[in-house]
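Just model03.cif here, mmCIF, C-alpha atoms and all ligand atoms:
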```
data_upload
loop_
_atom_site.label_atom_id
_atom_site.label_comp_id
_atom_site.auth_asym_id
_atom_site.auth_seq_id
_atom_site.Cartn_x
_atom_site.Cartn_y
_atom_site.Cartn_z
CA MET A 24 137.33 -67.08 -73.62
CA ALA A 25 133.87 -67.05 -72.19
CA ASN A 26 131.19 -65.97 -69.73
CA LEU A 27 128.87 -68.61 -68.35
CA SER A 28 125.40 -68.13 -67.02
CA ILE A 29 123.91 -70.99 -65.04
CA ARG A 30 120.26 -70.45 -64.10
CA SER A 31 118.02 -72.63 -61.90
CA LEU A 32 120.08 -75.63 -62.89
CA GLY A 33 118.82 -78.98 -61.64
CA LYS A 34 119.61 -82.63 -62.17
CA THR A 35 117.53 -85.67 -61.28
CA TYR A 36 119.17 -88.96 -62.23
CA PRO A 37 117.10 -91.82 -63.61
CA GLY A 38 115.90 -93.60 -60.51
CA GLY A 39 114.99 -90.32 -58.86
CA VAL A 40 118.21 -89.12 -57.15
CA SER A 41 117.95 -85.34 -57.00
CA ALA A 42 121.66 -84.52 -57.30
CA VAL A 43 121.54 -80.75 -58.02
CA ARG A 44 118.82 -78.19 -57.25
CA ASP A 45 118.28 -74.50 -58.04
CA VAL A 46 121.87 -73.69 -58.89
CA ASP A 47 122.54 -70.12 -60.09
CA ILE A 48 126.07 -69.02 -60.94
CA LYS A 49 127.29 -66.19 -63.15
CA ILE A 50 130.87 -66.80 -64.21
CA GLN A 51 132.90 -63.95 -65.70
CA ASP A 52 135.33 -64.30 -68.57
CA GLY A 53 138.72 -65.32 -67.20
CA GLU A 54 137.50 -66.25 -63.74
CA PHE A 55 138.89 -69.17 -61.75
CA ILE A 56 135.81 -70.70 -60.11
CA VAL A 57 136.12 -73.60 -57.69
CA LEU A 58 133.15 -75.81 -56.79
CA VAL A 59 133.80 -77.33 -53.38
CA GLY A 60 131.87 -79.46 -50.93
CA PRO A 61 131.78 -82.91 -49.38
CA SER A 62 131.55 -86.05 -51.49
CA GLY A 63 128.11 -86.48 -53.06
CA CYS A 64 127.07 -82.80 -52.88
CA GLY A 65 126.66 -82.55 -56.66
CA LYS A 66 129.88 -80.83 -57.80
CA SER A 67 130.82 -83.33 -60.50
CA THR A 68 127.25 -83.45 -61.73
CA ILE A 69 127.34 -79.69 -62.37
CA LEU A 70 130.70 -79.94 -64.14
CA ARG A 71 129.46 -82.81 -66.28
CA MET A 72 126.32 -80.88 -67.21
CA ILE A 73 128.50 -77.95 -68.29
CA ALA A 74 130.63 -80.34 -70.34
CA GLY A 75 127.56 -81.93 -71.89
CA LEU A 76 128.39 -85.35 -70.46
CA GLU A 77 125.13 -85.35 -68.44
CA THR A 78 121.76 -84.09 -69.61
CA ILE A 79 120.32 -81.05 -67.83
CA THR A 80 116.99 -81.83 -66.12
CA THR A 81 115.89 -78.24 -65.42
CA GLY A 82 117.27 -74.74 -65.95
CA ASP A 83 119.51 -73.06 -68.50
CA LEU A 84 123.17 -73.06 -69.31
CA ASP A 85 124.50 -70.24 -71.51
CA ILE A 86 128.03 -69.83 -72.79
CA ASP A 87 128.71 -66.35 -74.15
CA GLY A 88 124.99 -65.63 -74.28
CA ARG A 89 124.11 -68.75 -76.23
CA ARG A 90 121.97 -71.47 -74.66
CA VAL A 91 123.95 -74.71 -74.93
CA ASN A 92 121.68 -77.12 -72.99
CA ASP A 93 121.14 -79.28 -76.05
CA LEU A 94 124.53 -78.94 -77.76
CA GLU A 95 126.74 -82.02 -78.07
CA PRO A 96 129.89 -81.95 -75.88
CA GLY A 97 132.07 -81.55 -78.99
CA ASP A 98 130.18 -78.43 -80.04
CA ARG A 99 130.53 -76.55 -76.74
CA ASP A 100 134.18 -75.54 -77.13
CA ILE A 101 135.08 -76.87 -73.70
CA ALA A 102 138.03 -78.99 -72.54
CA MET A 103 137.95 -81.18 -69.46
CA VAL A 104 140.77 -82.55 -67.31
CA PHE A 105 139.93 -85.63 -65.25
CA GLN A 106 141.26 -87.03 -61.99
CA ASN A 107 142.44 -90.24 -63.67
CA TYR A 108 144.12 -88.32 -66.57
CA ALA A 109 142.23 -90.38 -69.21
CA LEU A 110 145.28 -90.59 -71.51
CA TYR A 111 145.56 -93.11 -74.34
CA PRO A 112 148.11 -95.59 -72.93
CA HIS A 113 149.37 -96.83 -76.30
CA MET A 114 150.06 -93.32 -77.64
CA THR A 115 153.05 -91.09 -76.96
CA VAL A 116 152.67 -87.80 -75.11
CA ARG A 117 152.81 -85.97 -78.42
CA ALA A 118 150.16 -88.21 -79.97
CA ASN A 119 147.92 -87.80 -76.94
CA MET A 120 148.11 -84.03 -77.27
CA GLU A 121 147.73 -84.05 -81.06
CA TYR A 122 144.76 -86.39 -81.13
CA GLY A 123 141.93 -83.87 -80.74
CA LEU A 124 143.58 -81.35 -83.04
CA LYS A 125 144.00 -83.86 -85.86
CA ASN A 126 140.33 -84.74 -85.54
CA GLU A 127 139.50 -81.07 -85.90
CA GLY A 128 141.49 -81.05 -89.13
CA LEU A 129 143.93 -78.34 -88.08
CA PRO A 130 146.96 -77.77 -90.39
CA LYS A 131 150.15 -79.64 -89.43
CA ASP A 132 152.20 -76.50 -88.76
CA GLU A 133 149.56 -75.11 -86.46
CA ILE A 134 149.40 -78.41 -84.53
CA ALA A 135 153.17 -78.54 -84.15
CA GLU A 136 153.27 -74.96 -82.92
CA ARG A 137 150.56 -75.50 -80.34
CA ILE A 138 152.19 -78.69 -79.02
CA ALA A 139 155.56 -76.96 -78.77
CA GLU A 140 154.09 -74.04 -76.86
CA ALA A 141 152.02 -76.18 -74.48
CA SER A 142 154.90 -78.51 -73.75
CA ARG A 143 157.19 -75.55 -73.00
CA THR A 144 154.58 -74.11 -70.64
CA LEU A 145 154.10 -77.45 -68.89
CA ARG A 146 157.79 -78.50 -68.98
CA LEU A 147 157.01 -81.57 -71.08
CA SER A 148 159.30 -80.85 -74.02
CA ASP A 149 161.70 -83.66 -73.06
CA TYR A 150 158.93 -86.24 -72.70
CA LEU A 151 157.02 -85.92 -75.96
CA ASP A 152 158.10 -89.34 -77.25
CA ARG A 153 157.30 -91.25 -74.07
CA LYS A 154 154.21 -93.29 -73.34
CA PRO A 155 152.08 -92.35 -70.31
CA ARG A 156 153.31 -95.35 -68.29
CA GLN A 157 156.86 -93.98 -68.55
CA LEU A 158 155.80 -90.80 -66.74
CA SER A 159 155.20 -89.89 -63.09
CA GLY A 160 151.69 -89.05 -61.87
CA GLY A 161 152.44 -85.33 -61.95
CA GLN A 162 153.78 -85.54 -65.51
CA ARG A 163 150.73 -87.51 -66.65
CA GLN A 164 148.46 -84.87 -65.24
CA ARG A 165 150.48 -82.20 -67.05
CA VAL A 166 149.95 -84.11 -70.30
CA ALA A 167 146.22 -84.16 -69.59
CA MET A 168 146.36 -80.39 -69.07
CA GLY A 169 148.44 -80.02 -72.23
CA ARG A 170 145.82 -81.88 -74.21
CA ALA A 171 143.25 -79.39 -72.94
CA ILE A 172 145.40 -76.29 -73.57
CA VAL A 173 146.29 -77.11 -77.18
CA ARG A 174 142.63 -77.08 -78.11
CA LYS A 175 142.33 -73.41 -77.02
CA PRO A 176 138.82 -73.96 -75.66
CA LYS A 177 136.49 -71.28 -74.37
CA VAL A 178 136.21 -72.96 -70.97
CA PHE A 179 138.46 -75.34 -69.03
CA LEU A 180 136.84 -77.82 -66.68
CA PHE A 181 138.83 -79.69 -64.03
CA ASP A 182 137.39 -82.62 -62.06
CA GLU A 183 139.59 -83.22 -58.98
CA PRO A 184 142.73 -83.23 -61.16
CA LEU A 185 145.18 -83.37 -58.26
CA SER A 186 143.47 -86.00 -56.10
CA ASN A 187 145.65 -88.91 -57.24
CA LEU A 188 148.90 -87.12 -56.40
CA ASP A 189 150.84 -87.06 -53.13
CA ALA A 190 150.66 -84.03 -50.87
CA LYS A 191 153.92 -82.40 -51.99
CA LEU A 192 153.18 -82.78 -55.68
CA ARG A 193 149.67 -81.46 -55.14
CA THR A 194 151.05 -78.27 -53.65
CA GLN A 195 153.50 -77.90 -56.50
CA LEU A 196 150.88 -78.49 -59.20
CA ARG A 197 148.51 -76.08 -57.45
CA ALA A 198 151.06 -73.34 -57.97
CA GLU A 199 151.54 -74.40 -61.60
CA LEU A 200 147.79 -74.38 -62.22
CA LYS A 201 147.48 -70.90 -60.81
CA ALA A 202 150.34 -69.72 -63.03
CA LEU A 203 148.76 -71.47 -66.01
CA HIS A 204 145.49 -69.67 -65.38
CA ALA A 205 147.26 -66.32 -65.24
CA ARG A 206 149.09 -67.09 -68.46
CA LEU A 207 146.10 -68.36 -70.43
CA ASN A 208 143.68 -65.90 -68.89
CA GLY A 209 141.03 -68.57 -69.43
CA THR A 210 137.75 -69.33 -67.72
CA PHE A 211 138.49 -72.19 -65.31
CA ILE A 212 135.85 -74.22 -63.48
CA TYR A 213 137.42 -76.58 -61.01
CA VAL A 214 135.90 -79.23 -58.75
CA THR A 215 137.48 -80.41 -55.51
CA HIS A 216 136.43 -81.68 -52.07
CA ASP A 217 139.58 -80.12 -50.58
CA GLN A 218 138.90 -76.75 -49.00
CA VAL A 219 142.58 -75.79 -48.91
CA GLU A 220 142.82 -76.39 -52.65
CA ALA A 221 139.69 -74.31 -53.15
CA MET A 222 141.03 -71.46 -51.00
CA SER A 223 144.43 -71.38 -52.70
CA LEU A 224 143.20 -71.55 -56.29
CA ALA A 225 139.88 -69.75 -56.56
CA ASP A 226 138.96 -66.23 -57.53
CA ARG A 227 135.54 -67.22 -56.23
CA ILE A 228 134.40 -70.37 -54.48
CA VAL A 229 130.99 -71.98 -54.88
CA ILE A 230 130.44 -74.07 -51.76
CA MET A 231 127.77 -76.75 -51.96
CA SER A 232 125.92 -79.11 -49.67
CA GLU A 233 123.35 -81.73 -50.63
CA GLY A 234 122.86 -80.50 -54.19
CA LYS A 235 122.44 -76.82 -53.30
CA ILE A 236 124.70 -73.79 -53.12
CA GLU A 237 125.47 -72.66 -49.56
CA GLN A 238 127.47 -69.56 -50.52
CA ILE A 239 129.37 -68.00 -53.42
CA GLY A 240 132.23 -65.67 -52.60
CA THR A 241 135.94 -64.98 -52.61
CA PRO A 242 138.01 -67.20 -50.34
CA MET A 243 138.17 -64.36 -47.81
CA ASP A 244 134.38 -63.77 -47.96
CA LEU A 245 133.91 -67.39 -46.96
CA TYR A 246 136.56 -67.31 -44.28
CA LEU A 247 135.60 -63.98 -42.72
CA ARG A 248 131.83 -63.98 -43.23
CA PRO A 249 130.51 -67.50 -43.67
CA ALA A 250 126.80 -67.29 -44.50
CA THR A 251 125.91 -70.54 -42.77
CA ARG A 252 127.29 -72.78 -40.06
CA PHE A 253 127.98 -75.37 -42.77
CA VAL A 254 130.34 -72.97 -44.59
CA ALA A 255 131.92 -71.91 -41.31
CA GLU A 256 132.75 -75.51 -40.44
CA PHE A 257 133.87 -76.50 -43.92
CA ILE A 258 136.37 -73.67 -44.50
CA GLY A 259 139.44 -73.54 -42.26
CA THR A 260 141.56 -76.11 -40.41
CA PRO A 261 141.29 -76.98 -37.62
CA ALA A 262 137.57 -76.35 -37.98
CA MET A 263 135.74 -73.48 -36.30
CA ASN A 264 134.62 -74.08 -32.70
CA PHE A 265 131.00 -73.64 -31.66
CA ILE A 266 129.70 -72.68 -28.25
CA ASP A 267 126.00 -72.63 -27.32
CA ALA A 268 124.38 -69.32 -26.41
CA THR A 269 120.97 -67.64 -26.25
CA VAL A 270 119.86 -64.21 -27.46
CA GLY A 271 119.32 -61.94 -24.42
CA SER A 272 116.11 -60.07 -23.64
CA ASP A 273 117.36 -56.81 -25.25
CA GLY A 274 117.89 -58.60 -28.58
CA HIS A 275 121.43 -57.20 -28.69
CA SER A 276 123.37 -59.37 -26.30
CA LEU A 277 124.17 -63.03 -26.02
CA GLN A 278 124.15 -65.17 -22.94
CA ILE A 279 126.98 -67.72 -22.99
CA GLY A 280 126.83 -69.64 -19.72
CA GLU A 281 127.46 -67.02 -17.02
CA GLN A 282 128.67 -64.40 -19.50
CA MET A 283 126.67 -61.73 -21.26
CA ILE A 284 128.36 -60.34 -24.34
CA ALA A 285 127.09 -57.40 -26.31
CA ALA A 286 127.11 -57.99 -30.07
CA ASP A 287 128.61 -55.20 -32.16
CA ALA A 288 125.66 -55.27 -34.57
CA PRO A 289 121.98 -56.11 -34.10
CA ILE A 290 121.25 -59.81 -33.93
CA HIS A 291 118.32 -60.50 -36.18
CA ALA A 292 116.61 -63.00 -33.92
CA PRO A 293 114.14 -62.76 -31.03
CA ALA A 294 115.17 -63.06 -27.39
CA GLY A 295 115.62 -66.65 -26.32
CA THR A 296 116.73 -67.87 -29.77
CA LEU A 297 119.38 -70.57 -29.50
CA VAL A 298 122.63 -69.40 -31.09
CA SER A 299 125.82 -71.23 -32.00
CA VAL A 300 128.73 -68.87 -31.41
CA GLY A 301 131.55 -69.72 -33.80
CA VAL A 302 135.18 -68.87 -33.18
CA ARG A 303 138.15 -70.08 -35.18
CA PRO A 304 141.03 -71.81 -33.36
CA GLU A 305 143.43 -69.11 -34.58
CA HIS A 306 141.23 -66.34 -33.12
CA LEU A 307 141.40 -67.61 -29.54
CA HIS A 308 144.18 -66.03 -27.50
CA ARG A 309 145.51 -66.57 -24.01
CA GLY A 310 144.62 -64.19 -21.21
CA GLN A 311 141.59 -62.56 -19.55
CA ASP A 312 141.42 -59.40 -21.59
CA HIS A 313 138.88 -60.32 -24.26
CA ALA A 314 135.23 -59.71 -25.17
CA MET A 315 134.39 -63.40 -24.82
CA HIS A 316 136.26 -65.79 -22.57
CA VAL A 317 136.39 -69.51 -22.29
CA LYS A 318 138.39 -72.04 -20.28
CA LEU A 319 139.98 -74.92 -22.16
CA LYS A 320 140.73 -78.19 -20.37
CA THR A 321 143.74 -79.45 -22.28
CA GLY A 322 143.61 -82.81 -24.05
CA PHE A 323 145.51 -83.75 -27.21
CA VAL A 324 148.30 -81.33 -28.15
CA GLU A 325 149.73 -81.10 -31.70
CA GLN A 326 153.22 -79.60 -31.74
CA LEU A 327 153.65 -78.35 -35.31
CA GLY A 328 156.66 -76.11 -34.72
CA ALA A 329 155.39 -72.86 -36.18
CA ASP A 330 152.32 -73.24 -34.02
CA THR A 331 150.73 -75.51 -31.47
CA ILE A 332 147.20 -76.82 -31.70
CA VAL A 333 145.65 -77.63 -28.35
CA HIS A 334 142.47 -79.69 -28.38
CA GLY A 335 140.31 -80.15 -25.34
CA GLU A 336 137.02 -79.29 -23.77
CA ALA A 337 135.51 -75.88 -23.19
CA SER A 338 133.61 -75.25 -20.01
CA THR A 339 131.53 -72.15 -20.62
CA ASN A 340 128.08 -73.47 -19.99
CA GLY A 341 128.53 -76.06 -17.33
CA THR A 342 128.35 -78.53 -20.21
CA ALA A 343 131.62 -79.45 -21.89
CA SER A 344 131.97 -78.92 -25.64
CA PRO A 345 135.00 -79.74 -27.79
CA LEU A 346 137.30 -76.79 -28.41
CA GLY A 347 140.56 -76.28 -30.27
CA VAL A 348 143.01 -73.40 -30.21
CA ARG A 349 145.93 -72.60 -32.48
CA LEU A 350 148.67 -70.86 -30.51
CA GLN A 351 151.62 -69.30 -32.30
CA GLY A 352 154.99 -70.86 -31.58
CA VAL A 353 155.85 -73.62 -29.15
CA HIS A 354 153.65 -74.30 -26.11
CA MET A 355 153.66 -77.32 -23.86
CA PRO A 356 150.55 -77.29 -21.73
CA GLU A 357 150.18 -80.19 -19.27
CA PRO A 358 147.40 -82.61 -20.24
CA GLY A 359 144.42 -81.86 -18.03
CA SER A 360 145.61 -78.31 -17.24
CA GLU A 361 143.34 -75.31 -17.87
CA LEU A 362 144.04 -72.54 -20.36
CA GLN A 363 142.26 -69.22 -20.01
CA LEU A 364 141.36 -68.10 -23.54
CA GLY A 365 139.36 -65.37 -25.16
CA ALA A 366 138.39 -63.82 -28.48
CA ALA A 367 137.58 -60.37 -29.82
CA LEU A 368 133.98 -59.54 -30.67
CA SER A 369 134.90 -59.01 -34.31
CA ASP A 370 136.14 -62.61 -34.50
CA LEU A 371 132.86 -64.14 -33.35
CA HIS A 372 130.29 -65.58 -35.75
CA PHE A 373 126.70 -66.05 -34.66
CA PHE A 374 124.49 -68.71 -36.27
CA ASP A 375 120.88 -69.54 -35.61
CA THR A 376 121.24 -73.03 -34.12
CA ALA A 377 118.01 -74.26 -35.72
CA SER A 378 118.49 -72.97 -39.28
CA GLY A 379 122.29 -72.64 -39.41
CA GLN A 380 121.93 -69.14 -40.95
CA ARG A 381 124.31 -66.34 -39.97
CA LEU A 382 122.78 -63.80 -37.59
CA ASN A 383 125.42 -61.06 -37.38
CA THR A 384 125.27 -59.53 -40.85
P1 LIG B 401 130.29 -84.93 -55.92
O1 LIG B 401 130.98 -84.67 -57.21
O2 LIG B 401 130.03 -83.70 -55.11
O3 LIG B 401 130.95 -86.00 -55.10
P2 LIG B 401 128.23 -86.10 -57.57
O4 LIG B 401 127.82 -85.00 -58.47
O5 LIG B 401 129.14 -87.14 -58.12
O6 LIG B 401 128.81 -85.49 -56.23
O7 LIG B 401 126.92 -86.85 -57.04
C1 LIG B 401 125.80 -86.17 -56.51
C2 LIG B 401 124.73 -87.18 -56.16
O8 LIG B 401 124.24 -87.80 -57.35
C3 LIG B 401 125.18 -88.31 -55.26
O9 LIG B 401 124.12 -88.64 -54.39
C4 LIG B 401 125.46 -89.43 -56.23
O10 LIG B 401 125.30 -90.68 -55.61
C5 LIG B 401 124.40 -89.19 -57.28
N1 LIG B 401 124.84 -89.66 -58.63
C6 LIG B 401 125.95 -89.31 -59.29
N2 LIG B 401 125.99 -89.90 -60.50
C7 LIG B 401 124.88 -90.66 -60.59
C8 LIG B 401 124.33 -91.51 -61.61
N3 LIG B 401 124.97 -91.69 -62.80
N4 LIG B 401 123.15 -92.12 -61.36
C9 LIG B 401 122.51 -91.94 -60.19
N5 LIG B 401 122.96 -91.13 -59.21
C10 LIG B 401 124.13 -90.50 -59.40
#
```

Show the structure stored in the file as structure tokens.
Amino acid sequence: MANLSIRSLGKTYPGGVSAVRDVDIKIQDGEFIVLVGPSGCGKSTILRMIAGLETITTGDLDIDGRRVNDLEPGDRDIAMVFQNYALYPHMTVRANMEYGLKNEGLPKDEIAERIAEASRTLRLSDYLDRKPRQLSGGQRQRVAMGRAIVRKPKVFLFDEPLSNLDAKLRTQLRAELKALHARLNGTFIYVTHDQVEAMSLADRIVIMSEGKIEQIGTPMDLYLRPATRFVAEFIGTPAMNFIDATVGSDGHSLQIGEQMIAADAPIHAPAGTLVSVGVRPEHLHRGQDHAMHVKLKTGFVEQLGADTIVHGEASTNGTASPLGVRLQGVHMPEPGSELQLGAALSDLHFFDTASGQRLNT
């Protein structure tokens, strides 16, 4: 298994598209790293550069201390699992898994042993003589994973492997992937646009926007202390709410409409700076007894059973801004009625409106 060091990595495609810029990531042996971000942010490009399927324009890529920028894909000791499985349709499951190993010239016994072990792990033992078209989507993706496992690579790369599966199967395979990672203790680098998938799988998440890294951290780092407004909005459903405010003259308090709230730590911005105050729907509670309060004019209500999501408009500043709250249990507010809500100081996130950078550090 392997460490990876990615330094100042950049990619400009022929034609001039700058897809990835200044990417630095240190990946520890055995880590499960998830690259997440909206479509087009450069995730797949990074994965493909690691795999050797795309040339690296600038920067360095080391695997176990060895620069591999110019190594052929086959010489990097990496296995990749694709969204569309990329299985050979005319070959059986066994033949698909054996293919790479035979090319490597491994002894027959060794091949048989590896296939047997991988198919036990992935519950494919009963399907080894079938062709891919005789399998379900989930089983095909397991075969693709099996083909990667049997090679015992230093690094496993996954490019949106669960995107073609339905929601239930995705959840199930997520759990299997996590178990597989624990069992193999391998270095996994996984690309997805789905923040829930990223949160549930990753040891650390690399969140990207427009070719650059916004933040690297554990799922809880990103949830509790998003470094930018972009991260704050991307992680969590329903998305974080934002309310406009201004830094008060003492540099310590925030003016939100009629309210002044004292921040619990210095705000690193001059008086008068425009601030977006972020609060997650699950951190708004009913009642008056809170550090920050807001009235919600009820609109669309989602009754989910375990909780109720009420969407509507906030009226803190005279101007109405969209606001959502997640209330535990069953609630049935009348459309158009007002809910008095509030949040604790420790659940508020302050972002410089102009730059999007976090202010309460
Ligand atoms: P993601 O995986 O986050 O969806 P990609 O890495 O696929 O993003 O793409 C990043 C950017 O690079 C996008 O603007 C995309 O259009 C562009 N891009 C991807 N592949 C190519 C290519 N082969 N040639 C030119 N531009 C590309």

Proximity of chain A to ligand LIG 401 (chain B): per-residue shortest pair, 12 Å limit, all atoms listed in the file, as CSV:
```
residue,atom,partner,partner_atom,distance
A:Gly33,CA,B:LIG401,O8,11.2
A:Lys34,CA,B:LIG401,O8,8.4
A:Thr35,CA,B:LIG401,N5,8.0
A:Tyr36,CA,B:LIG401,C9,4.9
A:Pro37,CA,B:LIG401,C9,6.4
A:Gly38,CA,B:LIG401,C9,6.8
A:Gly39,CA,B:LIG401,C9,7.8
A:Val40,CA,B:LIG401,N5,5.6
A:Ser41,CA,B:LIG401,O8,6.8
A:Ala42,CA,B:LIG401,O8,4.2
A:Val43,CA,B:LIG401,C1,7.1
A:Arg44,CA,B:LIG401,C1,10.6
A:Leu58,CA,B:LIG401,O2,8.6
A:Val59,CA,B:LIG401,O2,7.6
A:Gly60,CA,B:LIG401,O2,6.2
A:Pro61,CA,B:LIG401,O2,6.0
A:Ser62,CA,B:LIG401,O3,3.7
A:Gly63,CA,B:LIG401,O6,3.4
A:Cys64,CA,B:LIG401,O2,3.8
A:Gly65,CA,B:LIG401,O4,3.3
A:Lys66,CA,B:LIG401,O2,3.9
A:Ser67,CA,B:LIG401,O1,3.6
A:Thr68,CA,B:LIG401,O4,3.7
A:Ile69,CA,B:LIG401,O4,6.6
A:Leu70,CA,B:LIG401,O4,8.1
A:Arg71,CA,B:LIG401,O4,8.3
A:Met72,CA,B:LIG401,O4,9.8
A:Leu76,CA,B:LIG401,N3,10.5
A:Glu77,CA,B:LIG401,N3,8.5
A:Thr78,CA,B:LIG401,N3,10.7
A:Gln106,CA,B:LIG401,O1,11.6
A:Phe181,CA,B:LIG401,O1,11.5
A:Asp182,CA,B:LIG401,O1,8.3
A:Glu183,CA,B:LIG401,O1,8.9
A:Tyr213,CA,B:LIG401,O1,11.0
A:Val214,CA,B:LIG401,O1,7.5
A:Thr215,CA,B:LIG401,O1,8.0
A:His216,CA,B:LIG401,O2,7.4
A:Asp217,CA,B:LIG401,O2,11.2
A:Val229,CA,B:LIG401,O2,11.8
A:Ile230,CA,B:LIG401,O2,10.2
A:Met231,CA,B:LIG401,O2,8.0
A:Ser232,CA,B:LIG401,O2,8.2
A:Glu233,CA,B:LIG401,C1,7.8
A:Gly234,CA,B:LIG401,C1,6.8
A:Lys235,CA,B:LIG401,O2,10.4
A:Ile236,CA,B:LIG401,O2,11.4
```

field: segment 333-335 of chain A surroundings by all atoms listed in the file, 6 Å radius, close-in-sequence under 3 positions cut, as an NGL selection string
entry: :A and (320-324 or 345-348)

field: Counting only C-alpha atoms, the residue of A:Gln326, A:Ser338, A:Thr81, A:Thr384 that sits nearest Gly352 of chain A
entry: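 Answer, going by the shortest atom-to-atom distance: A:Gln326.
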
query: Quick one: residues within 9 Å of Lys201 of chain A, only C-alpha atoms counted, chain neighbours fewer than 6 positions away excluded, as number ranges by chain?
result: A: 55, 223-225

message: As an exercise, work out the distance from atom CA of Lys177 of chain A to atom CA of His204 of chain A in Å and give it to one decimal place.
response: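 Between these atoms lies a distance of 12.8 Å.
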